[in-house]
>>> print(open('coords_8.pdb').read())   # PDB, C-alpha atoms
MODEL        1
ATOM      1  CA  GLY U  30      -6.013  18.212   6.059
ATOM      2  CA  ARG U  31      -5.535  17.605   2.379
ATOM      3  CA  PRO U  32      -4.606  13.887   2.343
ATOM      4  CA  PRO U  33      -7.818  12.740   4.102
ATOM      5  CA  LEU U  34      -9.927  14.755   1.625
ATOM      6  CA  ALA U  35      -7.861  13.443  -1.281
ATOM      7  CA  TRP U  36      -8.291   9.895   0.054
ATOM      8  CA  ARG U  37     -12.093  10.248   0.286
ATOM      9  CA  LEU U  38     -12.297  11.631  -3.250
ATOM     10  CA  CYS U  39      -9.976   8.948  -4.631
ATOM     11  CA  HIS U  40     -11.871   6.216  -2.738
ATOM     12  CA  ARG U  41     -15.105   7.241  -4.455
ATOM     13  CA  ALA U  42     -13.426   7.758  -7.836
ATOM     14  CA  ALA U  43     -11.688   4.343  -7.677
ATOM     15  CA  ARG U  44     -14.972   2.585  -6.872
ATOM     16  CA  LEU U  45     -16.708   4.453  -9.692
ATOM     17  CA  PHE U  46     -13.904   3.569 -12.114
ATOM     18  CA  LEU U  47     -14.187  -0.137 -11.268
ATOM     19  CA  ARG U  48     -17.981  -0.018 -11.627
ATOM     20  CA  LEU U  49     -17.804   1.794 -14.991
ATOM     21  CA  ALA U  50     -15.154  -0.667 -16.206
ATOM     22  CA  GLY U  51     -17.575  -3.492 -15.433
ATOM     23  CA  THR U  52     -14.948  -5.179 -13.275
ATOM     24  CA  PRO U  53     -16.358  -7.348 -10.500
ATOM     25  CA  PHE U  54     -14.817  -6.055  -7.266
ATOM     26  CA  THR U  55     -15.390  -7.386  -3.762
ATOM     27  CA  VAL U  56     -14.060  -6.342  -0.380
ATOM     28  CA  ASP U  57     -14.131  -8.648   2.610
ATOM     29  CA  GLY U  58     -13.087  -7.757   6.156
ATOM     30  CA  ALA U  59     -12.892  -3.958   5.768
ATOM     31  CA  GLY U  60     -14.199  -3.763   9.342
ATOM     32  CA  ASN U  61     -10.968  -5.418  10.527
ATOM     33  CA  LEU U  62      -9.058  -2.162  10.048
ATOM     34  CA  PRO U  63      -8.655  -0.684  13.572
ATOM     35  CA  THR U  64     -10.571   2.563  14.042
ATOM     36  CA  ASP U  65      -9.253   3.388  17.502
ATOM     37  CA  ARG U  66      -5.528   3.505  16.720
ATOM     38  CA  PRO U  67      -3.079   3.693  13.823
ATOM     39  CA  CYS U  68      -1.859   0.499  12.199
ATOM     40  CA  VAL U  69       0.489  -0.754   9.519
ATOM     41  CA  VAL U  70      -1.282  -2.281   6.522
ATOM     42  CA  VAL U  71       0.765  -4.762   4.471
ATOM     43  CA  ALA U  72      -0.522  -6.051   1.129
ATOM     44  CA  ASN U  73       0.800  -8.352  -1.559
ATOM     45  CA  HIS U  74       1.870  -6.634  -4.783
ATOM     46  CA  ALA U  75       1.119  -8.105  -8.198
ATOM     47  CA  SER U  76       0.080  -5.224 -10.475
ATOM     48  CA  TYR U  77      -0.058  -1.473 -11.031
ATOM     49  CA  LEU U  78      -3.716  -1.797 -10.001
ATOM     50  CA  ASP U  79      -2.914  -2.699  -6.390
ATOM     51  CA  GLY U  80      -2.724   0.860  -5.032
ATOM     52  CA  LEU U  81      -6.012   1.758  -6.721
ATOM     53  CA  LEU U  82      -7.597  -1.379  -5.263
ATOM     54  CA  LEU U  83      -6.467  -0.512  -1.720
ATOM     55  CA  VAL U  84      -7.889   2.996  -2.093
ATOM     56  CA  ALA U  85     -11.166   1.556  -3.446
ATOM     57  CA  ALA U  86     -11.379  -1.019  -0.646
ATOM     58  CA  LEU U  87     -10.548   1.142   2.371
ATOM     59  CA  ASP U  88     -12.377   4.355   3.188
ATOM     60  CA  ARG U  89      -9.909   5.275   5.959
ATOM     61  CA  PRO U  90      -6.917   7.396   4.859
ATOM     62  CA  LEU U  91      -3.573   5.630   4.880
ATOM     63  CA  ALA U  92      -0.140   7.016   4.118
ATOM     64  CA  PHE U  93       1.175   4.866   1.278
ATOM     65  CA  VAL U  94       4.867   4.064   1.358
ATOM     66  CA  ALA U  95       6.230   3.855  -2.190
ATOM     67  CA  LYS U  96       9.569   3.573  -3.952
ATOM     68  CA  ARG U  97      11.176   6.928  -4.643
ATOM     69  CA  GLU U  98      11.232   6.267  -8.407
ATOM     70  CA  LEU U  99       7.446   6.802  -8.479
ATOM     71  CA  GLU U 100       7.791  10.315  -7.065
ATOM     72  CA  ARG U 101       9.484  11.447 -10.292
ATOM     73  CA  GLN U 102       6.741  10.108 -12.569
ATOM     74  CA  PHE U 103       4.524  12.911 -13.836
ATOM     75  CA  VAL U 104       1.077  11.360 -13.323
ATOM     76  CA  ALA U 105       1.765   8.757 -10.613
ATOM     77  CA  GLY U 106       3.978  11.126  -8.611
ATOM     78  CA  ARG U 107       1.372  13.901  -8.508
ATOM     79  CA  PHE U 108      -1.378  11.455  -7.581
ATOM     80  CA  LEU U 109       0.672   9.785  -4.833
ATOM     81  CA  ARG U 110       1.879  13.093  -3.358
ATOM     82  CA  GLY U 111      -1.756  14.252  -3.228
ATOM     83  CA  LEU U 112      -2.620  11.187  -1.153
ATOM     84  CA  GLY U 113       0.181  11.987   1.313
ATOM     85  CA  THR U 114       2.470   9.174   0.161
ATOM     86  CA  GLU U 115       5.864   8.770   1.809
ATOM     87  CA  PHE U 116       8.605   7.909  -0.684
ATOM     88  CA  VAL U 117      11.541   5.679   0.251
ATOM     89  CA  GLU U 118      14.900   4.827  -1.256
ATOM     90  CA  ARG U 119      15.511   1.158  -1.999
ATOM     91  CA  PHE U 120      19.034   1.189  -3.403
ATOM     92  CA  ASP U 121      21.055   3.732  -1.362
ATOM     93  CA  VAL U 122      21.669   2.031   1.998
ATOM     94  CA  ALA U 123      22.345   5.227   3.996
ATOM     95  CA  ARG U 124      19.258   6.945   2.621
ATOM     96  CA  SER U 125      17.219   3.789   3.147
ATOM     97  CA  VAL U 126      18.171   3.769   6.835
ATOM     98  CA  ASP U 127      17.168   7.443   7.137
ATOM     99  CA  ASP U 128      13.843   6.636   5.444
ATOM    100  CA  ALA U 129      13.228   3.766   7.889
ATOM    101  CA  ARG U 130      13.782   6.151  10.822
ATOM    102  CA  ARG U 131      11.436   8.719   9.256
ATOM    103  CA  LEU U 132       8.711   6.098   8.736
ATOM    104  CA  THR U 133       9.084   4.821  12.289
ATOM    105  CA  ALA U 134       8.643   8.387  13.572
ATOM    106  CA  LEU U 135       5.639   8.884  11.272
ATOM    107  CA  ALA U 136       4.053   5.687  12.597
ATOM    108  CA  GLY U 137       4.153   7.295  16.044
ATOM    109  CA  THR U 138       2.178  10.378  14.947
ATOM    110  CA  GLY U 139      -1.166   8.635  14.583
ATOM    111  CA  ARG U 140      -1.072   8.067  10.820
ATOM    112  CA  SER U 141      -1.662   4.575   9.538
ATOM    113  CA  LEU U 142       0.843   3.387   6.948
ATOM    114  CA  ALA U 143       0.253   1.154   3.919
ATOM    115  CA  PHE U 144       3.132  -0.911   2.526
ATOM    116  CA  PHE U 145       3.643  -3.341  -0.306
ATOM    117  CA  PRO U 146       6.536  -5.075   1.489
ATOM    118  CA  GLU U 147       7.604  -6.952  -1.645
ATOM    119  CA  GLY U 148       8.634  -3.571  -3.047
ATOM    120  CA  THR U 149       7.862  -4.512  -6.646
ATOM    121  CA  PHE U 150       6.074  -7.134  -8.711
ATOM    122  CA  THR U 151       6.709  -9.477 -11.618
ATOM    123  CA  ARG U 152       4.662 -11.668 -13.944
ATOM    124  CA  ALA U 153       5.644 -14.743 -11.923
ATOM    125  CA  PRO U 154       3.016 -15.889  -9.433
ATOM    126  CA  GLY U 155       3.748 -16.004  -5.727
ATOM    127  CA  LEU U 156       5.208 -13.649  -3.158
ATOM    128  CA  ARG U 157       8.629 -12.024  -3.445
ATOM    129  CA  PRO U 158      10.914 -11.538  -0.408
ATOM    130  CA  PHE U 159       9.758  -8.749   1.906
ATOM    131  CA  PHE U 160      11.587  -5.539   2.725
ATOM    132  CA  MET U 161      11.391  -5.161   6.502
ATOM    133  CA  GLY U 162      10.472  -1.458   6.821
ATOM    134  CA  ALA U 163       6.768  -2.055   7.489
ATOM    135  CA  PHE U 164       7.470  -4.538  10.232
ATOM    136  CA  LEU U 165      10.215  -2.408  11.781
ATOM    137  CA  ALA U 166       7.875   0.611  12.007
ATOM    138  CA  ALA U 167       5.100  -1.529  13.534
ATOM    139  CA  ALA U 168       7.395  -3.214  16.059
ATOM    140  CA  GLU U 169       9.149   0.005  17.113
ATOM    141  CA  LYS U 170       5.857   1.847  17.721
ATOM    142  CA  GLY U 171       3.831  -1.107  19.029
ATOM    143  CA  LEU U 172       1.294  -0.934  16.198
ATOM    144  CA  PRO U 173      -0.763  -3.824  14.878
ATOM    145  CA  VAL U 174       0.051  -5.177  11.427
ATOM    146  CA  VAL U 175      -3.030  -5.664   9.243
ATOM    147  CA  PRO U 176      -2.480  -8.187   6.425
ATOM    148  CA  VAL U 177      -4.338  -7.531   3.180
ATOM    149  CA  ALA U 178      -4.655  -9.997   0.306
ATOM    150  CA  ILE U 179      -5.305  -8.640  -3.192
ATOM    151  CA  ARG U 180      -6.538 -11.214  -5.703
ATOM    152  CA  GLY U 181      -6.978 -10.980  -9.451
ATOM    153  CA  SER U 182      -4.857  -7.906 -10.178
ATOM    154  CA  ARG U 183      -1.993  -9.867 -11.784
ATOM    155  CA  THR U 184      -4.487 -11.455 -14.195
ATOM    156  CA  VAL U 185      -6.253  -8.184 -15.019
ATOM    157  CA  LEU U 186      -3.102  -6.081 -15.563
ATOM    158  CA  ARG U 187       0.166  -8.009 -15.892
ATOM    159  CA  ASP U 188       3.658  -6.616 -15.398
ATOM    160  CA  GLY U 189       4.822  -5.160 -18.717
ATOM    161  CA  GLY U 190       1.272  -4.880 -20.042
ATOM    162  CA  TRP U 191      -0.810  -1.756 -20.504
ATOM    163  CA  PHE U 192      -4.097  -3.241 -21.660
ATOM    164  CA  PRO U 193      -6.268  -4.729 -18.931
ATOM    165  CA  ARG U 194      -7.978  -8.077 -19.333
ATOM    166  CA  ARG U 195     -11.371  -9.068 -17.992
ATOM    167  CA  GLY U 196     -11.329 -10.579 -14.540
ATOM    168  CA  ALA U 197     -12.646 -10.321 -11.013
ATOM    169  CA  LEU U 198     -10.786  -8.357  -8.358
ATOM    170  CA  ALA U 199     -10.983  -8.935  -4.609
ATOM    171  CA  VAL U 200      -9.456  -7.424  -1.488
ATOM    172  CA  THR U 201      -9.514  -9.281   1.822
ATOM    173  CA  VAL U 202      -8.528  -7.445   5.000
ATOM    174  CA  GLY U 203      -7.256  -9.833   7.659
ATOM    175  CA  SER U 204      -7.441  -9.502  11.414
ATOM    176  CA  PRO U 205      -4.896  -7.144  13.007
ATOM    177  CA  LEU U 206      -1.810  -8.855  14.413
ATOM    178  CA  PRO U 207      -0.869  -7.070  17.643
ATOM    179  CA  PRO U 208       2.805  -6.974  18.600
ATOM    180  CA  GLU U 209       3.937  -8.667  21.781
ATOM    181  CA  GLY U 210       7.127  -7.513  23.458
ATOM    182  CA  ASP U 211       9.231  -4.389  22.963
ATOM    183  CA  GLY U 212      10.816  -2.988  19.824
ATOM    184  CA  TRP U 213      12.184  -5.144  17.029
ATOM    185  CA  GLU U 214      12.209  -8.208  19.272
ATOM    186  CA  ALA U 215       8.395  -8.036  19.452
ATOM    187  CA  GLY U 216       6.631 -10.962  17.869
ATOM    188  CA  THR U 217       3.060 -11.323  16.745
ATOM    189  CA  THR U 218       0.455 -13.754  17.889
TER     190      THR U 218
ENDMDL
END
>>> encode(input="coords_8.pdb", output="C-alpha cells")
Amino acid sequence: GRPPLAWRLCHRAARLFLRLAGTPFTVDGAGNLPTDRPCVVVANHASYLDGLLLVAALDRPLAFVAKRELERQFVAGRFLRGLGTEFVERFDVARSVDDARRLTALAGTGRSLAFFPEGTFTRAPGLRPFFMGAFLAAAEKGLPVVPVAIRGSRTVLRDGGWFPRRGALAVTVGSPLPPEGDGWEAGTT
C-alpha cells in the first residue's frame, strides 16, 4: 500500500537530508525492532526534528500517532497523512476516548504504532508526563513496547526556533518490553 512506499521514500530522503546537512547521525539497536509481529514504539520528544529522525532511523513502516492540530497544517499535515499517520484529539475528552479505542483496534490489525507519549515538547530539558494511549493500546492487544531514545534534537532545533544549530543526533532503539498479564493490568518485565 501507499504508506509503506511513502515510508521507504521518506526513510531514504531523511537520511540523505541529514547527510547533506553535514549532521552527524547515528542509530544504535535498530535490530531490536521486532520483525515477526507489530509493536508500539515510544520515543521521547524534544524537537520538531524527532519525527524525521525516527523515519531516518527505522526502515520499517510505522503508523505515527500525532496530535490532531498537525493534520490541519499545510505541509506537515500532507506529509504525515502520506505516511499513514493517525491523528488524535488531546483536549476533547469524549473524542480522545474514541481515538484511544480506534488506536487499540488499529494495533490489532498488524500495524506497528509510533508514539511520542509526552504529546509535546518544550525548551526545558527532561521528560514531560506521558499520555497513556500508547501503553493502553499495547496492553490491550498484548504488543511489546519498544522504547526509543532520541538525543541531540533539542540542541539542534529548539522549541520556538526555526534555525538549526550544529550538533550530533542519535537514535537508540531499546529492547522490546513484552507485556505480562491481560489487558490494562498487564505489566512489563
>>> closest_residue(input="coords_8.pdb", among="U:Ala197, U:Val84, U:Ala105, U:Ala136", to="Ala35 of chain U", atoms="only C-alpha atoms")
U:Val84
>>> closest_residue(input="coords_8.pdb", among="U:Val56, U:Val174, U:Leu38, U:Ala163", to="Phe108 of chain U", atoms="all atoms listed in the file")
U:Leu38
>>> residues_around(input="coords_8.pdb", residues="Leu186 of chain U", least_positions_apart="2", cutoff="12 Å", atoms="all atoms listed in the file", output="PDB file with C-alpha atoms, keeping the file's coordinate frame")
ATOM      1  CA  HIS U  74       1.870  -6.634  -4.783  1.00  0.00           C
ATOM      2  CA  ALA U  75       1.119  -8.105  -8.198  1.00  0.00           C
ATOM      3  CA  SER U  76       0.080  -5.224 -10.475  1.00  0.00           C
ATOM      4  CA  TYR U  77      -0.058  -1.473 -11.031  1.00  0.00           C
ATOM      5  CA  LEU U  78      -3.716  -1.797 -10.001  1.00  0.00           C
ATOM      6  CA  ASP U  79      -2.914  -2.699  -6.390  1.00  0.00           C
ATOM      7  CA  PHE U 150       6.074  -7.134  -8.711  1.00  0.00           C
ATOM      8  CA  THR U 151       6.709  -9.477 -11.618  1.00  0.00           C
ATOM      9  CA  ARG U 152       4.662 -11.668 -13.944  1.00  0.00           C
ATOM     10  CA  ARG U 180      -6.538 -11.214  -5.703  1.00  0.00           C
ATOM     11  CA  GLY U 181      -6.978 -10.980  -9.451  1.00  0.00           C
ATOM     12  CA  SER U 182      -4.857  -7.906 -10.178  1.00  0.00           C
ATOM     13  CA  ARG U 183      -1.993  -9.867 -11.784  1.00  0.00           C
ATOM     14  CA  THR U 184      -4.487 -11.455 -14.195  1.00  0.00           C
ATOM     15  CA  ASP U 188       3.658  -6.616 -15.398  1.00  0.00           C
ATOM     16  CA  GLY U 189       4.822  -5.160 -18.717  1.00  0.00           C
ATOM     17  CA  GLY U 190       1.272  -4.880 -20.042  1.00  0.00           C
ATOM     18  CA  TRP U 191      -0.810  -1.756 -20.504  1.00  0.00           C
ATOM     19  CA  PHE U 192      -4.097  -3.241 -21.660  1.00  0.00           C
ATOM     20  CA  PRO U 193      -6.268  -4.729 -18.931  1.00  0.00           C
ATOM     21  CA  ARG U 194      -7.978  -8.077 -19.333  1.00  0.00           C
ATOM     22  CA  ARG U 195     -11.371  -9.068 -17.992  1.00  0.00           C
ATOM     23  CA  GLY U 196     -11.329 -10.579 -14.540  1.00  0.00           C
ATOM     24  CA  ALA U 197     -12.646 -10.321 -11.013  1.00  0.00           C
ATOM     25  CA  LEU U 198     -10.786  -8.357  -8.358  1.00  0.00           C
TER      26      LEU U 198
END
>>> residues_near_point(input="coords_8.pdb", point="(-2.5, -12.2, 10.8)", cutoff="8 Å", atoms="all atoms listed in the file", output="compact mmCIF listing (two decimals) with C-alpha atoms, keeping the file's coordinate frame")
# COMPACT_ATOMS: atom_id res chain seq x y z
CA VAL U 174 0.05 -5.18 11.43
CA VAL U 175 -3.03 -5.66 9.24
CA PRO U 176 -2.48 -8.19 6.42
CA GLY U 203 -7.26 -9.83 7.66
CA SER U 204 -7.44 -9.50 11.41
CA PRO U 205 -4.90 -7.14 13.01
CA LEU U 206 -1.81 -8.86 14.41
CA THR U 218 0.46 -13.75 17.89
>>> resolve_selection(input="coords_8.pdb", expression="the PyMOL selection byres ((chain U and resi 116) around 12)", output="short mmCIF file (atom, residue, chain, number, x, y, z; two decimals) with C-alpha atoms, in the frame of the given file")
data_model
loop_
_atom_site.label_atom_id
_atom_site.label_comp_id
_atom_site.auth_asym_id
_atom_site.auth_seq_id
_atom_site.Cartn_x
_atom_site.Cartn_y
_atom_site.Cartn_z
CA ALA U 92 -0.14 7.02 4.12
CA PHE U 93 1.18 4.87 1.28
CA VAL U 94 4.87 4.06 1.36
CA ALA U 95 6.23 3.86 -2.19
CA LYS U 96 9.57 3.57 -3.95
CA ARG U 97 11.18 6.93 -4.64
CA GLU U 98 11.23 6.27 -8.41
CA LEU U 99 7.45 6.80 -8.48
CA GLU U 100 7.79 10.32 -7.06
CA ARG U 101 9.48 11.45 -10.29
CA GLY U 106 3.98 11.13 -8.61
CA LEU U 109 0.67 9.78 -4.83
CA ARG U 110 1.88 13.09 -3.36
CA LEU U 112 -2.62 11.19 -1.15
CA GLY U 113 0.18 11.99 1.31
CA THR U 114 2.47 9.17 0.16
CA GLU U 115 5.86 8.77 1.81
CA VAL U 117 11.54 5.68 0.25
CA GLU U 118 14.90 4.83 -1.26
CA ARG U 119 15.51 1.16 -2.00
CA ARG U 124 19.26 6.94 2.62
CA SER U 125 17.22 3.79 3.15
CA ASP U 127 17.17 7.44 7.14
CA ASP U 128 13.84 6.64 5.44
CA ALA U 129 13.23 3.77 7.89
CA ARG U 131 11.44 8.72 9.26
CA LEU U 132 8.71 6.10 8.74
CA LEU U 142 0.84 3.39 6.95
CA ALA U 143 0.25 1.15 3.92
CA PHE U 144 3.13 -0.91 2.53
CA GLY U 148 8.63 -3.57 -3.05
#
>>> atom_distance(input="coords_8.pdb", atom1="atom CA of Pro33 of chain U", atom2="atom CA of Ala59 of chain U")
17.5 Å
>>> resolve_selection(input="coords_8.pdb", expression="the PyMOL selection byres ((chain U and resi 41) around 12)", output="number ranges by chain")
U: 34-40, 42-48, 81-89
>>> closest_residue(input="coords_8.pdb", among="U:Leu165, U:Leu91, U:Gly58, U:Ala50", to="Ser141 of chain U", atoms="all atoms listed in the file")
U:Leu91
>>> atom_distance(input="coords_8.pdb", atom1="atom CA of Glu209 of chain U", atom2="atom CA of Arg140 of chain U")
20.6 Å
>>> axis_aligned_box(input="coords_8.pdb", around="segment 189-201 of chain U", padding_each_side="5 Å", output="AutoDock Vina command-line options")
--center_x -3.9 --center_y -6.2 --center_z -9.9 --size_x 27.5 --size_y 18.8 --size_z 33.5
>>> atom_distance(input="coords_8.pdb", atom1="atom CA of Phe145 of chain U", atom2="atom CA of Asn61 of chain U")
18.3 Å
>>> decode(input="coords_8.pdb", residues="segment 103-114 of chain U", atoms="N, CA, C and O atoms", output="tab-separated table (two decimals), in the first residue's frame")
chain	number	residue	atom	x	y	z
U	103	PHE	N	-0.57	22.82	6.55
U	103	PHE	CA	-0.48	22.55	5.12
U	103	PHE	C	0.64	21.57	4.79
U	103	PHE	O	0.41	20.54	4.18
U	104	VAL	N	1.85	21.85	5.18
U	104	VAL	CA	2.99	20.99	4.82
U	104	VAL	C	3.04	19.75	5.71
U	104	VAL	O	3.06	18.63	5.23
U	105	ALA	N	3.05	19.96	7.03
U	105	ALA	CA	3.17	18.83	7.96
U	105	ALA	C	1.99	17.87	7.81
U	105	ALA	O	2.17	16.65	7.82
U	106	GLY	N	0.79	18.40	7.66
U	106	GLY	CA	-0.40	17.56	7.54
U	106	GLY	C	-0.35	16.66	6.32
U	106	GLY	O	-0.64	15.46	6.39
U	107	ARG	N	0.04	17.22	5.18
U	107	ARG	CA	0.15	16.42	3.95
U	107	ARG	C	1.20	15.33	4.09
U	107	ARG	O	0.99	14.19	3.70
U	108	PHE	N	2.35	15.71	4.64
U	108	PHE	CA	3.44	14.76	4.83
U	108	PHE	C	3.01	13.63	5.77
U	108	PHE	O	3.18	12.45	5.46
U	109	LEU	N	2.41	13.98	6.90
U	109	LEU	CA	2.02	12.97	7.88
U	109	LEU	C	0.90	12.07	7.36
U	109	LEU	O	0.92	10.86	7.58
U	110	ARG	N	-0.06	12.63	6.65
U	110	ARG	CA	-1.12	11.80	6.05
U	110	ARG	C	-0.53	10.82	5.05
U	110	ARG	O	-0.94	9.66	4.98
U	111	GLY	N	0.46	11.26	4.27
U	111	GLY	CA	1.11	10.39	3.30
U	111	GLY	C	1.82	9.21	3.95
U	111	GLY	O	1.95	8.14	3.35
U	112	LEU	N	2.29	9.41	5.19
U	112	LEU	CA	2.95	8.32	5.91
U	112	LEU	C	1.95	7.40	6.61
U	112	LEU	O	2.34	6.43	7.23
U	113	GLY	N	0.66	7.72	6.54
U	113	GLY	CA	-0.35	6.90	7.20
U	113	GLY	C	-0.52	7.24	8.67
U	113	GLY	O	-0.91	6.39	9.47
U	114	THR	N	-0.25	8.48	9.04
U	114	THR	CA	-0.35	8.91	10.43
U	114	THR	C	-1.80	8.87	10.91
U	114	THR	O	-2.72	9.18	10.17
